[in-house]
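Notes to accompany the following structure.
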Amino acid sequence: MAGLIVRNDIDEVRARVNIADVVGDFVTLKSAGVGSLKGLCPFHDERSPSFHVRPQVGRYHCFGCGEDGDVFSFLMKMDHTTFQEAVERMAAKIGLTLHYEDGDGPRTDHNTRARLLAANSAAADFFVSQLVTPGADPARRFLGERGFDPAAAAHFGIGYAPKSFDALRDHLRGAGFSMDEIVNAGLVSQGDRSPYDRFRGRLMWPIRDVTGATIGFGARRLLDDDKGPKYLNTPETPVYHKSQVLYGLDLARRDISKGKQVVIVEGYTDVMACHLAGVTTAVATCGTSFGVDHIKVLRPMLGDSADRDLSQLGDIVFTFDPDEAGQRAASRAFAEEQRFASSTFVAIAPGGLDPCDLRLARGDDAIRRLVSTRRPMFEFMVRRELDGHDLETVEGRVSALRAAAPVVAGIRDRSLNQGYVRNLAGWLGMEIGDVGRAVENARRALGSDGGHDRGGRTGGTGAARSAGGGPQGGRGGTGSTYPGGGSSGAGESMAEPLATIRSLPNDPITRMERDAVMAMVQQPMRVGMPLITLTAVATFSAPMLAVVRDAVVANVDQASSADWLDRVLADVPDPVRNVVQELAVSPLPTRTDEDLTIFARGIVVALVERDLLARKASLIGQLQRADPHEQADRRAELQRQLVDIDAQRMRLRADAEQS
């Protein structure tokens, strides 16, 4: 296959590179006997070293987690590079010229890339050396005013581009680089007469790829007579593509992989502030908005893939300025959110400070609190829509609902979707059913056919979709997702069908859910339409019971019809039909009609009240976590919701007693 490195060259690199030297950059190795070294495994957490390296055979092996390989596989896992990139990196380290299968000689584009990287590296060293010169006083003052000392500057490789049209150009020419190489690296610009330095009188940040190679620069304006943009980056070059670059990733990659978290900030100084404050997973885009290519770079480090357990995925935390530009950035990030399987969050500092200013004003702890107190991206976007409306008026609340409903409708995860329906109802002070209908209408308008989640449920049949409140949309949170990621939409199959009620867990919670659904299937009129409707938002631990509940609620307005059971059966997938039939004929623990009514209503009341109590506990937890000094409005809203839940419970008990 054209373009592959020839086998002999790969073997030569492997034989000449000492694997202990490469591994030693990541792991502290100690002697473990003749020809063997050991240390703590970089691939899993451990206290006693079980990671062994054998330099003479060029292999490593962990007796704890089983990781095993050679120098190339080690680099691929640690630096998230391809095999070819790992070989090329080691070849450059030992000075070996590689050959490729598309020709007898060295591959031209690889040699070109190596020369451009070398030019950038030489430029970075030049800029660092200039930072201590008298002319760099504005640069040193800029850093000092932002809380960055010389040690911080050295850690991030910050330098200074002198106010000259040819200082860097002449330096690189003297170092043996051709003018074409310097131009192609984006270090000089082509003038009418001759090339001149692109960066002049500016503070310089080296932009490195994931392996630590310098591929470009970010430059900050310092001088009043500089009429250029505030920030000037390297133009697109064969080695620098801004849509694929994240500043600080070379420093953050290991902690991102280890902690499965990345913090996206907006500027170079913000990255510095975060790292110095202990948030070492911070990175920033370079002159462009966060997009698809950035996601591709981060996904391997976060372990982010569509087939992983959602609970195991990493967190992506965005920080945005509160100004209009920051709000636009938030909208763009939100548009990309669904490309992640990971959980996305937003962190906005009090007072609208960016991380750099926040660190200056309130110290390192404030940076750490900013990240730890982030809010889910969906909550941020819904709140953002609500902020533009007067929620004190009916008109304002209705308008806010119309604006926020499409955001909630776009949530693929069905359990999250229903949770935000409840939250939105609470924030607006509106009935859950009204909000649910608005979200369902928005979902249809978006053309999502009832909405989809990762392994969740789609909308039901026509009968279900026409029911008031749209309860078919995966009510009950986890109760609408099947094991193995199957869908429970009408007419669809499940990966692991649950065919009988005997297969349900025999625990008190599941038994209560089973009896409540059994009562609604058998005695809908005794339970009553209002009470059945209230179960639409209840969380179920047993998925197939939630599916049956959905069908019951969807057809509740036909509870008195002769074909009631047929309607319910029509709105469940085939594997669940047998369950409905069993529920319809199983005996209820009653002896008289009076007992039947009391039991039927009582068990359903218990189900609804359990859900209300769970919501109350959640609100109490939020109230306890809310800062009494800085979140007075939030605490008042939580207290109002608590009062509302208690009122609902009182009405529920009163209705049960009257029946």
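Going by the structure tokens order, chains are called A, B, ..., each with residues numbered from 1, while ligands are numbered from 1 in the order shown.
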
Which residues, written as number ranges by chain, have at least one atom at most 7 Å from segment 163-175 of chain A, with only C-alpha atoms counted and residues fewer than 3 positions away on the same chain left out? A: 178, 188, 196-197, 200-201

Please give the complete set of residues from segment 114-297 of chain A that DSSP, run on the backbone, assigns to alpha helix (DSSP H), formatted as a count of residues only. 73

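Atom to atom, atom CA of Phe26 of chain A and atom CA of Asp9 of chain A stand 25.3 Å apart.
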
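Going from atom CA of Phe380 of chain A over to atom CA of Val265 of chain A, you cover 16.3 Å.
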
Near segment 298-302 of chain A, 12 Å: segment 47-84 of chain A residue rows, closest pairs, only C-alpha atoms, as a Markdown table:
| residue | atom | partner | partner_atom | distance |
| --- | --- | --- | --- | --- |
| A:Met76 | CA | A:Pro300 | CA | 10.9 |
| A:Lys77 | CA | A:Met301 | CA | 9.3 |
| A:Met78 | CA | A:Met301 | CA | 9.4 |
| A:Asp79 | CA | A:Met301 | CA | 9.1 |
| A:His80 | CA | A:Pro300 | CA | 7.2 |
| A:Thr81 | CA | A:Pro300 | CA | 10.0 |
| A:Thr82 | CA | A:Pro300 | CA | 11.5 |

Within 10 Å of segment 557-567 of chain A, counting only C-alpha atoms, which residues qualify if same-chain residues fewer than 2 places away don't, as a tab-separated table (two decimals) with N, CA and C atoms, in the first residue's frame?
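Just written: selection_11.tsv:
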chain	number	residue	atom	x	y	z
A	463	ALA	N	-52.07	6.57	17.92
A	463	ALA	CA	-52.95	6.73	19.08
A	463	ALA	C	-52.20	7.33	20.25
A	464	ALA	N	-50.94	6.87	20.43
A	464	ALA	CA	-50.16	7.39	21.56
A	464	ALA	C	-49.81	8.84	21.33
A	467	ALA	N	-52.51	11.42	22.17
A	467	ALA	CA	-53.00	11.54	23.53
A	467	ALA	C	-52.55	12.84	24.16
A	468	GLY	N	-53.37	13.37	25.04
A	468	GLY	CA	-53.03	14.62	25.69
A	468	GLY	C	-51.76	14.49	26.50
A	520	MET	N	-53.80	-0.02	36.86
A	520	MET	CA	-54.18	0.90	35.79
A	520	MET	C	-54.65	0.16	34.55
A	521	VAL	N	-54.04	-0.99	34.28
A	521	VAL	CA	-54.47	-1.77	33.12
A	521	VAL	C	-55.85	-2.38	33.36
A	522	GLN	N	-56.05	-2.94	34.55
A	522	GLN	CA	-57.31	-3.63	34.83
A	522	GLN	C	-58.44	-2.70	35.22
A	523	GLN	N	-58.13	-1.66	35.99
A	523	GLN	CA	-59.18	-0.82	36.57
A	523	GLN	C	-58.92	0.68	36.30
A	524	PRO	N	-58.81	1.10	35.06
A	524	PRO	CA	-58.50	2.50	34.77
A	524	PRO	C	-59.57	3.45	35.31
A	525	MET	N	-60.83	3.05	35.27
A	525	MET	CA	-61.89	3.94	35.73
A	525	MET	C	-61.89	4.07	37.25
A	528	GLY	N	-58.95	6.35	37.99
A	528	GLY	CA	-59.31	7.71	37.60
A	528	GLY	C	-58.31	8.32	36.62
A	529	MET	N	-58.82	9.03	35.62
A	529	MET	CA	-57.98	9.64	34.59
A	529	MET	C	-56.96	10.63	35.17
A	533	THR	N	-52.86	10.10	34.77
A	533	THR	CA	-52.04	11.11	34.07
A	533	THR	C	-50.85	11.53	34.91
A	551	ALA	N	-48.17	3.36	27.50
A	551	ALA	CA	-49.32	3.04	26.66
A	551	ALA	C	-50.63	3.32	27.38
A	552	VAL	N	-50.68	3.04	28.68
A	552	VAL	CA	-51.89	3.31	29.47
A	552	VAL	C	-52.18	4.80	29.50
A	553	VAL	N	-51.15	5.60	29.79
A	553	VAL	CA	-51.34	7.05	29.86
A	553	VAL	C	-51.73	7.61	28.50
A	554	ALA	N	-51.11	7.10	27.44
A	554	ALA	CA	-51.40	7.60	26.10
A	554	ALA	C	-52.86	7.39	25.71
A	555	ASN	N	-53.48	6.36	26.24
A	555	ASN	CA	-54.86	6.04	25.86
A	555	ASN	C	-55.86	6.28	26.98
A	569	LEU	N	-52.58	-2.56	24.00
A	569	LEU	CA	-51.74	-3.54	23.32
A	569	LEU	C	-51.17	-2.99	22.02
A	570	ALA	N	-51.94	-2.17	21.32
A	570	ALA	CA	-51.48	-1.62	20.05
A	570	ALA	C	-50.34	-0.63	20.23
A	571	ASP	N	-50.21	-0.09	21.43
A	571	ASP	CA	-49.20	0.94	21.67
A	571	ASP	C	-47.98	0.42	22.41
A	572	VAL	N	-47.78	-0.88	22.45
A	572	VAL	CA	-46.56	-1.44	23.03
A	572	VAL	C	-45.87	-2.29	21.97
A	580	VAL	N	-48.49	-7.26	28.95
A	580	VAL	CA	-49.76	-6.55	29.13
A	580	VAL	C	-50.90	-7.56	29.37
A	581	GLN	N	-50.87	-8.63	28.60
A	581	GLN	CA	-51.92	-9.63	28.76
A	581	GLN	C	-51.85	-10.30	30.13
A	584	ALA	N	-53.15	-7.92	32.70
A	584	ALA	CA	-54.61	-7.76	32.59
A	584	ALA	C	-55.38	-8.88	33.28

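Atom CA of Lys242 of chain A to atom CA of Phe345 of chain A spans 23.6 Å [interatomic distance, one decimal].
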
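When only C-alpha atoms are used to measure the gap to Phe199 of chain A, the shortest distance among A:Val527, A:Ala213, A:Ala219, A:Leu391 belongs to A:Ala219.
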
Pick from A:Leu29, A:Phe540, A:Glu582, A:Gly216 nearest to Ser415 of chain A, counting only C-alpha atoms: A:Phe540

Excluding Leu619 of chain A and residues on its chain fewer than 3 positions from it, collect all residues at most 8 Å away from it, counting only C-alpha atoms, and give them as a ChimeraX atom specification. /A:615-616,622-623,638,641-642

Residues of the last selection are to be written out with C-alpha atoms, as an mmCIF file, in the first residue's frame.
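part-v3.cif, freshly written:
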data_model
loop_
_atom_site.group_PDB
_atom_site.id
_atom_site.type_symbol
_atom_site.label_atom_id
_atom_site.label_comp_id
_atom_site.auth_asym_id
_atom_site.auth_seq_id
_atom_site.Cartn_x
_atom_site.Cartn_y
_atom_site.Cartn_z
ATOM 1 C CA ARG A 615 -38.133 15.197 43.559
ATOM 2 C CA LYS A 616 -38.416 16.782 46.987
ATOM 3 C CA GLN A 622 -29.965 21.655 45.743
ATOM 4 C CA LEU A 623 -31.164 24.043 48.416
ATOM 5 C CA LEU A 638 -36.154 26.021 45.167
ATOM 6 C CA GLN A 641 -40.878 24.327 44.271
ATOM 7 C CA LEU A 642 -40.706 22.526 47.614
#

All residues 12 Å or closer to segment 63-71 of chain A, only C-alpha atoms, same chain fewer than 6 positions away omitted, as a PyMOL selection string: chain A and resi 10-11+13-24+38-57+77-79+83+86-87+89-91

Might you pull out every residue within 7 Å of segment 203-209 of chain A, with only C-alpha atoms counted and same-chain residues fewer than 6 positions away left off, and present them as a ChimeraX atom specification? /A:124,139,157-161,215-221,247,250

How about saving the chosen residues, N, CA and C atoms kept, as a PDB file, in the first residue's frame?
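As written to disk, selection-v4.pdb reads:
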ATOM      1  N   ALA A 124      10.835  29.201  18.153  1.00  0.00           N
ATOM      2  CA  ALA A 124      10.395  29.229  19.549  1.00  0.00           C
ATOM      3  C   ALA A 124      11.572  29.525  20.473  1.00  0.00           C
ATOM      4  N   ALA A 139       6.397  43.081  27.158  1.00  0.00           N
ATOM      5  CA  ALA A 139       5.955  41.689  27.272  1.00  0.00           C
ATOM      6  C   ALA A 139       6.054  41.203  28.701  1.00  0.00           C
ATOM      7  N   GLY A 157       6.748  28.122  27.632  1.00  0.00           N
ATOM      8  CA  GLY A 157       7.586  28.441  26.478  1.00  0.00           C
ATOM      9  C   GLY A 157       7.305  29.791  25.865  1.00  0.00           C
ATOM     10  N   ILE A 158       6.853  30.751  26.660  1.00  0.00           N
ATOM     11  CA  ILE A 158       6.471  32.063  26.140  1.00  0.00           C
ATOM     12  C   ILE A 158       7.710  32.864  25.768  1.00  0.00           C
ATOM     13  N   GLY A 159       7.611  33.600  24.687  1.00  0.00           N
ATOM     14  CA  GLY A 159       8.722  34.415  24.230  1.00  0.00           C
ATOM     15  C   GLY A 159       8.264  35.771  23.729  1.00  0.00           C
ATOM     16  N   TYR A 160       9.168  36.438  23.049  1.00  0.00           N
ATOM     17  CA  TYR A 160       8.885  37.792  22.545  1.00  0.00           C
ATOM     18  C   TYR A 160       9.451  37.929  21.140  1.00  0.00           C
ATOM     19  N   ALA A 161       8.634  38.462  20.234  1.00  0.00           N
ATOM     20  CA  ALA A 161       9.082  38.749  18.875  1.00  0.00           C
ATOM     21  C   ALA A 161       9.546  40.197  18.827  1.00  0.00           C
ATOM     22  N   ILE A 215       4.173  23.686  16.186  1.00  0.00           N
ATOM     23  CA  ILE A 215       3.642  23.744  14.824  1.00  0.00           C
ATOM     24  C   ILE A 215       3.225  25.157  14.421  1.00  0.00           C
ATOM     25  N   GLY A 216       3.168  26.080  15.383  1.00  0.00           N
ATOM     26  CA  GLY A 216       2.775  27.447  15.064  1.00  0.00           C
ATOM     27  C   GLY A 216       2.867  28.324  16.293  1.00  0.00           C
ATOM     28  N   PHE A 217       2.340  29.547  16.165  1.00  0.00           N
ATOM     29  CA  PHE A 217       2.427  30.512  17.257  1.00  0.00           C
ATOM     30  C   PHE A 217       1.157  31.346  17.350  1.00  0.00           C
ATOM     31  N   GLY A 218       0.895  31.803  18.577  1.00  0.00           N
ATOM     32  CA  GLY A 218      -0.121  32.811  18.821  1.00  0.00           C
ATOM     33  C   GLY A 218       0.580  34.053  19.339  1.00  0.00           C
ATOM     34  N   ALA A 219       0.226  35.210  18.814  1.00  0.00           N
ATOM     35  CA  ALA A 219       0.952  36.441  19.146  1.00  0.00           C
ATOM     36  C   ALA A 219      -0.024  37.503  19.630  1.00  0.00           C
ATOM     37  N   ARG A 220       0.303  38.145  20.754  1.00  0.00           N
ATOM     38  CA  ARG A 220      -0.554  39.149  21.361  1.00  0.00           C
ATOM     39  C   ARG A 220       0.026  40.544  21.153  1.00  0.00           C
ATOM     40  N   ARG A 221      -0.797  41.461  20.656  1.00  0.00           N
ATOM     41  CA  ARG A 221      -0.367  42.845  20.442  1.00  0.00           C
ATOM     42  C   ARG A 221      -0.019  43.497  21.771  1.00  0.00           C
ATOM     43  N   TYR A 247      -4.630  24.761  21.937  1.00  0.00           N
ATOM     44  CA  TYR A 247      -3.483  25.243  22.699  1.00  0.00           C
ATOM     45  C   TYR A 247      -3.473  24.609  24.093  1.00  0.00           C
ATOM     46  N   ASP A 250      -0.674  19.667  24.595  1.00  0.00           N
ATOM     47  CA  ASP A 250       0.548  18.908  24.881  1.00  0.00           C
ATOM     48  C   ASP A 250       0.793  18.790  26.378  1.00  0.00           C
TER      49      ASP A 250
END

List as an MDAnalysis selection string the protein and nucleic acid residues near Asp387 of chain A, meaning an atom at most 12 Å away when only C-alpha atoms are counted, but skip any in the same chain fewer than 2 places from it. chainID A and resid 380:385 389:392 396:397 399:401 403:404 427:428
